[in-house]
>>> print(open('input.cif').read())   # mmCIF, C-alpha atoms
data_coords
loop_
_atom_site.group_PDB
_atom_site.id
_atom_site.type_symbol
_atom_site.label_atom_id
_atom_site.label_comp_id
_atom_site.auth_asym_id
_atom_site.auth_seq_id
_atom_site.Cartn_x
_atom_site.Cartn_y
_atom_site.Cartn_z
ATOM 1 C CA MET A 1 13.428 78.324 63.825
ATOM 2 C CA ASP A 2 14.389 76.276 60.748
ATOM 3 C CA ALA A 3 17.587 77.051 58.901
ATOM 4 C CA MET A 4 17.016 78.829 55.605
ATOM 5 C CA ASP A 5 18.876 78.604 52.286
ATOM 6 C CA THR A 6 20.310 82.124 51.922
ATOM 7 C CA SER A 7 21.493 81.525 48.325
ATOM 8 C CA GLY A 8 17.992 81.553 46.939
ATOM 9 C CA LYS A 9 18.498 78.181 45.149
ATOM 10 C CA THR A 10 16.088 75.297 45.533
ATOM 11 C CA PRO A 11 17.660 72.457 47.567
ATOM 12 C CA PRO A 12 18.384 69.344 45.432
ATOM 13 C CA THR A 13 15.933 66.452 45.698
ATOM 14 C CA ASN A 14 16.502 62.653 45.319
ATOM 15 C CA LYS A 15 13.757 62.188 42.760
ATOM 16 C CA ARG A 16 14.689 60.059 39.729
ATOM 17 C CA SER A 17 13.369 60.619 36.258
ATOM 18 C CA PRO A 18 10.953 58.060 34.733
ATOM 19 C CA LEU A 19 13.729 57.003 32.340
ATOM 20 C CA GLU A 20 16.093 56.238 35.227
ATOM 21 C CA LEU A 21 13.395 54.246 37.035
ATOM 22 C CA LEU A 22 12.691 52.277 33.892
ATOM 23 C CA GLY A 23 16.401 51.475 33.546
ATOM 24 C CA LEU A 24 16.626 50.284 37.158
ATOM 25 C CA ALA A 25 13.544 48.089 36.718
ATOM 26 C CA GLY A 26 15.025 46.582 33.557
ATOM 27 C CA SER A 27 18.343 45.861 35.298
ATOM 28 C CA ALA A 28 16.532 44.170 38.190
ATOM 29 C CA ALA A 29 14.508 42.039 35.763
ATOM 30 C CA ILE A 30 17.682 40.947 33.933
ATOM 31 C CA LEU A 31 19.375 40.064 37.242
ATOM 32 C CA ILE A 32 16.381 37.982 38.360
ATOM 33 C CA ALA A 33 16.257 36.201 34.985
ATOM 34 C CA PHE A 34 19.983 35.430 35.176
ATOM 35 C CA ILE A 35 19.663 34.009 38.707
ATOM 36 C CA TYR A 36 16.732 31.835 37.582
ATOM 37 C CA PHE A 37 18.687 30.618 34.525
ATOM 38 C CA LEU A 38 21.759 29.800 36.640
ATOM 39 C CA PHE A 39 19.668 27.889 39.178
ATOM 40 C CA HIS A 40 17.929 25.966 36.391
ATOM 41 C CA MET A 41 21.240 25.022 34.760
ATOM 42 C CA LEU A 42 22.711 23.805 38.047
ATOM 43 C CA SER A 43 19.598 21.741 38.773
ATOM 44 C CA THR A 44 19.687 20.230 35.273
ATOM 45 C CA ASP A 45 23.346 19.301 35.673
ATOM 46 C CA LEU A 46 22.580 17.465 38.900
ATOM 47 C CA VAL A 47 19.766 15.499 37.264
ATOM 48 C CA ASP A 48 21.860 14.720 34.189
ATOM 49 C CA ALA A 49 24.816 13.566 36.279
ATOM 50 C CA SER A 50 22.606 10.917 37.834
ATOM 51 C CA ALA A 51 20.949 9.990 34.528
ATOM 52 C CA ASN A 52 24.318 9.640 32.812
ATOM 53 C CA ALA A 53 25.578 6.835 35.051
ATOM 54 C CA PRO A 54 26.134 3.623 33.044
ATOM 55 C CA LEU A 55 23.557 0.880 33.560
ATOM 56 C CA ASP A 56 24.138 -2.820 34.176
ATOM 57 C CA LEU A 57 24.033 -4.677 30.869
ATOM 58 C CA GLU A 58 21.611 -7.204 32.347
ATOM 59 C CA THR A 59 19.028 -4.458 32.920
ATOM 60 C CA LEU A 60 18.896 -3.458 29.244
ATOM 61 C CA ASP A 61 16.051 -4.875 27.191
ATOM 62 C CA THR A 62 16.768 -5.380 23.510
ATOM 63 C CA PRO A 63 15.872 -4.430 20.890
ATOM 64 C CA ILE A 64 16.715 -0.785 21.602
ATOM 65 C CA SER A 65 15.229 1.413 18.882
ATOM 66 C CA GLY A 66 16.800 4.751 18.064
ATOM 67 C CA GLU A 67 15.962 7.293 15.411
ATOM 68 C CA PHE A 68 18.361 5.758 12.871
ATOM 69 C CA ILE A 69 19.559 2.427 14.289
ATOM 70 C CA THR A 70 18.051 -0.499 16.185
ATOM 71 C CA LEU A 71 20.301 -2.463 18.542
ATOM 72 C CA LYS A 72 18.966 -6.011 18.335
ATOM 73 C CA SER A 73 21.370 -7.628 20.784
ATOM 74 C CA LEU A 74 24.260 -6.656 23.063
ATOM 75 C CA GLN A 75 26.936 -8.778 24.713
ATOM 76 C CA SER A 76 30.068 -7.657 26.485
ATOM 77 C CA THR A 77 33.051 -9.202 28.247
ATOM 78 C CA TRP A 78 36.820 -8.886 28.767
ATOM 79 C CA ARG A 79 39.283 -10.981 26.770
ATOM 80 C CA PRO A 80 43.047 -11.471 26.445
ATOM 81 C CA LEU A 81 45.018 -9.516 23.869
ATOM 82 C CA ARG A 82 45.362 -11.302 20.511
ATOM 83 C CA GLU A 83 48.318 -11.140 18.156
ATOM 84 C CA ASP A 84 46.322 -9.450 15.416
ATOM 85 C CA ASP A 85 44.755 -6.792 17.682
ATOM 86 C CA ARG A 86 45.620 -3.274 16.547
ATOM 87 C CA THR A 87 46.722 -1.859 19.897
ATOM 88 C CA ASP A 88 49.959 -0.697 21.517
ATOM 89 C CA LYS A 89 50.268 -4.205 23.067
ATOM 90 C CA ARG A 90 50.924 -2.849 26.567
ATOM 91 C CA ASN A 91 47.471 -3.855 27.848
ATOM 92 C CA LYS A 92 46.968 -7.616 27.904
ATOM 93 C CA VAL A 93 43.254 -7.655 28.823
ATOM 94 C CA LEU A 94 40.796 -5.720 26.656
ATOM 95 C CA PRO A 95 37.083 -4.884 26.930
ATOM 96 C CA GLU A 96 34.902 -6.098 24.072
ATOM 97 C CA VAL A 97 31.296 -5.609 23.018
ATOM 98 C CA THR A 98 29.386 -7.614 20.396
ATOM 99 C CA ILE A 99 26.533 -5.699 18.783
ATOM 100 C CA THR A 100 23.860 -6.804 16.333
ATOM 101 C CA ALA A 101 22.485 -3.645 14.732
ATOM 102 C CA ALA A 102 20.176 -2.746 11.849
ATOM 103 C CA GLN A 103 18.782 0.366 10.188
ATOM 104 C CA ALA A 104 15.759 1.875 11.879
ATOM 105 C CA ALA A 105 14.979 4.594 9.342
ATOM 106 C CA GLY A 106 15.565 2.640 6.129
ATOM 107 C CA THR A 107 18.617 4.679 5.149
ATOM 108 C CA PRO A 108 22.322 4.083 5.828
ATOM 109 C CA SER A 109 23.301 5.431 9.243
ATOM 110 C CA PHE A 110 26.332 5.461 11.519
ATOM 111 C CA MET A 111 27.031 3.846 14.872
ATOM 112 C CA LYS A 112 29.800 5.059 17.181
ATOM 113 C CA VAL A 113 31.224 2.838 19.937
ATOM 114 C CA GLN A 114 33.520 4.174 22.639
ATOM 115 C CA PHE A 115 34.857 2.616 25.829
ATOM 116 C CA ARG A 116 35.162 4.647 29.026
ATOM 117 C CA THR A 117 37.422 4.189 32.044
ATOM 118 C CA PRO A 118 36.010 4.037 35.605
ATOM 119 C CA GLU A 119 36.627 7.802 35.720
ATOM 120 C CA GLY A 120 34.333 8.253 32.702
ATOM 121 C CA GLU A 121 37.081 9.220 30.246
ATOM 122 C CA ILE A 122 37.051 7.851 26.701
ATOM 123 C CA SER A 123 39.804 5.226 26.436
ATOM 124 C CA GLY A 124 41.505 4.145 23.242
ATOM 125 C CA ASP A 125 40.191 4.507 19.719
ATOM 126 C CA VAL A 126 36.572 5.390 18.988
ATOM 127 C CA LYS A 127 35.048 3.021 16.422
ATOM 128 C CA THR A 128 32.538 4.357 13.888
ATOM 129 C CA ILE A 129 30.632 1.875 11.722
ATOM 130 C CA LYS A 130 28.284 2.476 8.784
ATOM 131 C CA ILE A 131 25.066 0.489 9.214
ATOM 132 C CA GLU A 132 23.482 -0.372 5.847
ATOM 133 C CA SER A 133 21.842 -3.687 6.753
ATOM 134 C CA GLU A 134 21.612 -5.945 9.777
ATOM 135 C CA SER A 135 25.062 -6.999 10.897
ATOM 136 C CA THR A 136 26.952 -8.209 13.953
ATOM 137 C CA GLU A 137 30.141 -6.442 15.000
ATOM 138 C CA ALA A 138 32.630 -7.485 17.708
ATOM 139 C CA ILE A 139 34.419 -4.332 18.824
ATOM 140 C CA TYR A 140 37.299 -4.308 21.307
ATOM 141 C CA GLY A 141 38.884 -1.438 23.198
ATOM 142 C CA THR A 142 42.389 -0.525 22.082
ATOM 143 C CA ARG A 143 43.295 0.121 25.717
ATOM 144 C CA GLY A 144 42.398 -1.936 28.749
ATOM 145 C CA ILE A 145 43.993 -3.504 31.816
ATOM 146 C CA ALA A 146 47.688 -4.376 32.101
ATOM 147 C CA ASP A 147 47.377 -8.134 32.724
ATOM 148 C CA GLU A 148 45.182 -10.823 34.287
ATOM 149 C CA THR A 149 46.502 -10.142 37.804
ATOM 150 C CA ALA A 150 45.490 -6.497 37.485
ATOM 151 C CA PHE A 151 42.127 -7.608 36.074
ATOM 152 C CA VAL A 152 41.446 -9.753 39.180
ATOM 153 C CA SER A 153 42.255 -6.730 41.362
ATOM 154 C CA TYR A 154 39.883 -4.589 39.285
ATOM 155 C CA LYS A 155 37.153 -7.233 39.427
ATOM 156 C CA PHE A 156 37.250 -7.406 43.206
ATOM 157 C CA GLY A 157 37.081 -3.690 43.678
ATOM 158 C CA ALA A 158 40.611 -2.315 43.609
ATOM 159 C CA GLY A 159 39.652 1.173 42.481
ATOM 160 C CA LYS A 160 36.431 3.061 42.050
ATOM 161 C CA GLY A 161 33.788 2.431 39.420
ATOM 162 C CA ASN A 162 33.655 0.201 36.363
ATOM 163 C CA TRP A 163 34.678 0.331 32.748
ATOM 164 C CA SER A 164 31.754 1.071 30.451
ATOM 165 C CA VAL A 165 30.830 1.208 26.794
ATOM 166 C CA GLU A 166 28.757 3.888 25.075
ATOM 167 C CA ILE A 167 26.909 3.398 21.781
ATOM 168 C CA LEU A 168 25.699 6.399 19.781
ATOM 169 C CA GLU A 169 23.894 6.949 16.482
ATOM 170 C CA SER A 170 23.816 9.571 13.740
ATOM 171 C CA SER A 171 22.583 9.921 10.173
ATOM 172 C CA ASP A 172 25.851 11.599 9.133
ATOM 173 C CA TYR A 173 29.431 10.470 9.815
ATOM 174 C CA GLY A 174 30.710 14.017 10.140
ATOM 175 C CA SER A 175 27.804 15.294 12.194
ATOM 176 C CA GLY A 176 28.274 16.642 15.692
ATOM 177 C CA ASP A 177 24.750 15.553 16.506
ATOM 178 C CA TRP A 178 25.346 12.072 17.939
ATOM 179 C CA LYS A 179 22.596 10.619 20.137
ATOM 180 C CA ARG A 180 23.182 7.968 22.774
ATOM 181 C CA LEU A 181 21.509 4.613 22.218
ATOM 182 C CA ALA A 182 22.994 2.672 25.147
ATOM 183 C CA TYR A 183 25.492 3.189 27.951
ATOM 184 C CA PHE A 184 26.376 0.270 30.205
ATOM 185 C CA THR A 185 29.163 -1.250 32.270
ATOM 186 C CA VAL A 186 31.363 -3.986 30.844
ATOM 187 C CA PRO A 187 30.665 -7.126 32.962
ATOM 188 C CA SER A 188 33.653 -8.253 35.050
ATOM 189 C CA THR A 189 34.071 -11.581 33.258
ATOM 190 C CA LEU A 190 37.174 -12.720 31.392
ATOM 191 C CA THR A 191 36.564 -14.925 28.356
ATOM 192 C CA LYS A 192 39.608 -17.035 27.466
ATOM 193 C CA ASP A 193 38.148 -18.113 24.125
ATOM 194 C CA SER A 194 34.762 -18.599 22.477
ATOM 195 C CA THR A 195 33.872 -21.609 24.641
ATOM 196 C CA GLU A 196 35.642 -21.062 27.935
ATOM 197 C CA PRO A 197 34.546 -18.103 30.069
ATOM 198 C CA ASN A 198 36.590 -17.624 33.226
ATOM 199 C CA GLU A 199 34.488 -16.032 35.958
#
>>> encode(input="input.cif", output="structure tokens")
Amino acid sequence: MDAMDTSGKTPPTNKRSPLELLGLAGSAAILIAFIYFLFHMLSTDLVDASANAPLDLETLDTPISGEFITLKSLQSTWRPLREDDRTDKRNKVLPEVTITAAQAAGTPSFMKVQFRTPEGEISGDVKTIKIESESTEAIYGTRGIADETAFVSYKFGAGKGNWSVEILESSDYGSGDWKRLAYFTVPSTLTKDSTEPNE
């Protein structure tokens, strides 16, 4: 014989109200959406990490047309420190890039040039130039490699990765909306002067 409730009260049931069920369904939907968003962000980061690696300068075809600026030619090398260079003078070999750029949109725009270490960190001063007409700019890094002996070690693989240079564009100097035009490694050549490259 089954046991009976002698109190006369109805035994409690586990039924949930429609409002509670709706809340649980909403929570589950939010959790699923969050997991999907997290997975998407992680996947995007992996793709971007590969896409953000600097290219070899030789693989870049000029002109490179951006929204505001056109890069008509690009050259890059390493060179010895000069007396009139505005640096702390502790690095005797500096990266340099020579850029011929012009307006792409017909209005004055801005070009930002920054050098990066093999670890990808911005090194030295960032140079920002107003582009109003076609011009050629030779821009050097304010930090580099200690001396020519250290440069030879770097050239032949003492360390990981290569120095690189990144060129960005914007229509406004103070804007946070800078777009990358080019990102490439600085070739491992040391130019002693304008006529004598030392491989």
>>> resolve_selection(input="input.cif", expression="the PyMOL selection byres ((chain A and resi 73) around 9)", output="PyMOL selection string")
chain A and resi 61-64+71-72+74-75+98-101+136
>>> resolve_selection(input="input.cif", expression="the PyMOL selection byres ((chain A and resi 118-128) around 9)", output="PDB file with C-alpha atoms, in the frame of the given file")
ATOM      1  CA  THR A  87      46.722  -1.859  19.897  1.00  0.00           C
ATOM      2  CA  PHE A 110      26.332   5.461  11.519  1.00  0.00           C
ATOM      3  CA  MET A 111      27.031   3.846  14.872  1.00  0.00           C
ATOM      4  CA  LYS A 112      29.800   5.059  17.181  1.00  0.00           C
ATOM      5  CA  VAL A 113      31.224   2.838  19.937  1.00  0.00           C
ATOM      6  CA  GLN A 114      33.520   4.174  22.639  1.00  0.00           C
ATOM      7  CA  PHE A 115      34.857   2.616  25.829  1.00  0.00           C
ATOM      8  CA  ARG A 116      35.162   4.647  29.026  1.00  0.00           C
ATOM      9  CA  THR A 117      37.422   4.189  32.044  1.00  0.00           C
ATOM     10  CA  ILE A 129      30.632   1.875  11.722  1.00  0.00           C
ATOM     11  CA  LYS A 130      28.284   2.476   8.784  1.00  0.00           C
ATOM     12  CA  ILE A 139      34.419  -4.332  18.824  1.00  0.00           C
ATOM     13  CA  GLY A 141      38.884  -1.438  23.198  1.00  0.00           C
ATOM     14  CA  THR A 142      42.389  -0.525  22.082  1.00  0.00           C
ATOM     15  CA  ARG A 143      43.295   0.121  25.717  1.00  0.00           C
ATOM     16  CA  GLY A 144      42.398  -1.936  28.749  1.00  0.00           C
ATOM     17  CA  GLY A 159      39.652   1.173  42.481  1.00  0.00           C
ATOM     18  CA  LYS A 160      36.431   3.061  42.050  1.00  0.00           C
ATOM     19  CA  GLY A 161      33.788   2.431  39.420  1.00  0.00           C
ATOM     20  CA  ASN A 162      33.655   0.201  36.363  1.00  0.00           C
ATOM     21  CA  TRP A 163      34.678   0.331  32.748  1.00  0.00           C
ATOM     22  CA  SER A 164      31.754   1.071  30.451  1.00  0.00           C
ATOM     23  CA  TYR A 173      29.431  10.470   9.815  1.00  0.00           C
TER      24      TYR A 173
END
>>> resolve_selection(input="input.cif", expression="the PyMOL selection byres ((chain A and resi 151-158) around 10)", output="compact mmCIF listing (two decimals) with C-alpha atoms, keeping the file's coordinate frame")
# COMPACT_ATOMS: atom_id res chain seq x y z
CA TRP A 78 36.82 -8.89 28.77
CA LYS A 92 46.97 -7.62 27.90
CA VAL A 93 43.25 -7.66 28.82
CA LEU A 94 40.80 -5.72 26.66
CA GLY A 144 42.40 -1.94 28.75
CA ILE A 145 43.99 -3.50 31.82
CA ALA A 146 47.69 -4.38 32.10
CA ASP A 147 47.38 -8.13 32.72
CA GLU A 148 45.18 -10.82 34.29
CA THR A 149 46.50 -10.14 37.80
CA ALA A 150 45.49 -6.50 37.48
CA GLY A 159 39.65 1.17 42.48
CA LYS A 160 36.43 3.06 42.05
CA GLY A 161 33.79 2.43 39.42
CA ASN A 162 33.66 0.20 36.36
CA TRP A 163 34.68 0.33 32.75
CA PRO A 187 30.66 -7.13 32.96
CA SER A 188 33.65 -8.25 35.05
CA THR A 189 34.07 -11.58 33.26
CA LEU A 190 37.17 -12.72 31.39
CA GLU A 199 34.49 -16.03 35.96
>>> closest_residue(input="input.cif", among="A:Arg180, A:Leu31, A:Leu81, A:Val165", to="Lys192 of chain A", atoms="all atoms listed in the file")
A:Leu81
>>> atom_distance(input="input.cif", atom1="atom CA of Tyr183 of chain A", atom2="atom CA of Ala102 of chain A")
18.0 Å
>>> atom_distance(input="input.cif", atom1="atom CA of Gln103 of chain A", atom2="atom CA of Gly66 of chain A")
9.2 Å
>>> closest_residue(input="input.cif", among="A:Ser109, A:Ser76, A:Asn52, A:Ser17", to="Glu169 of chain A", atoms="only C-alpha atoms")
A:Ser109
>>> atom_distance(input="input.cif", atom1="atom CA of Glu134 of chain A", atom2="atom CA of Phe184 of chain A")
21.9 Å
>>> closest_residue(input="input.cif", among="A:Asp88, A:Glu96, A:Glu20, A:Asp172", to="Thr185 of chain A", atoms="only C-alpha atoms")
A:Glu96
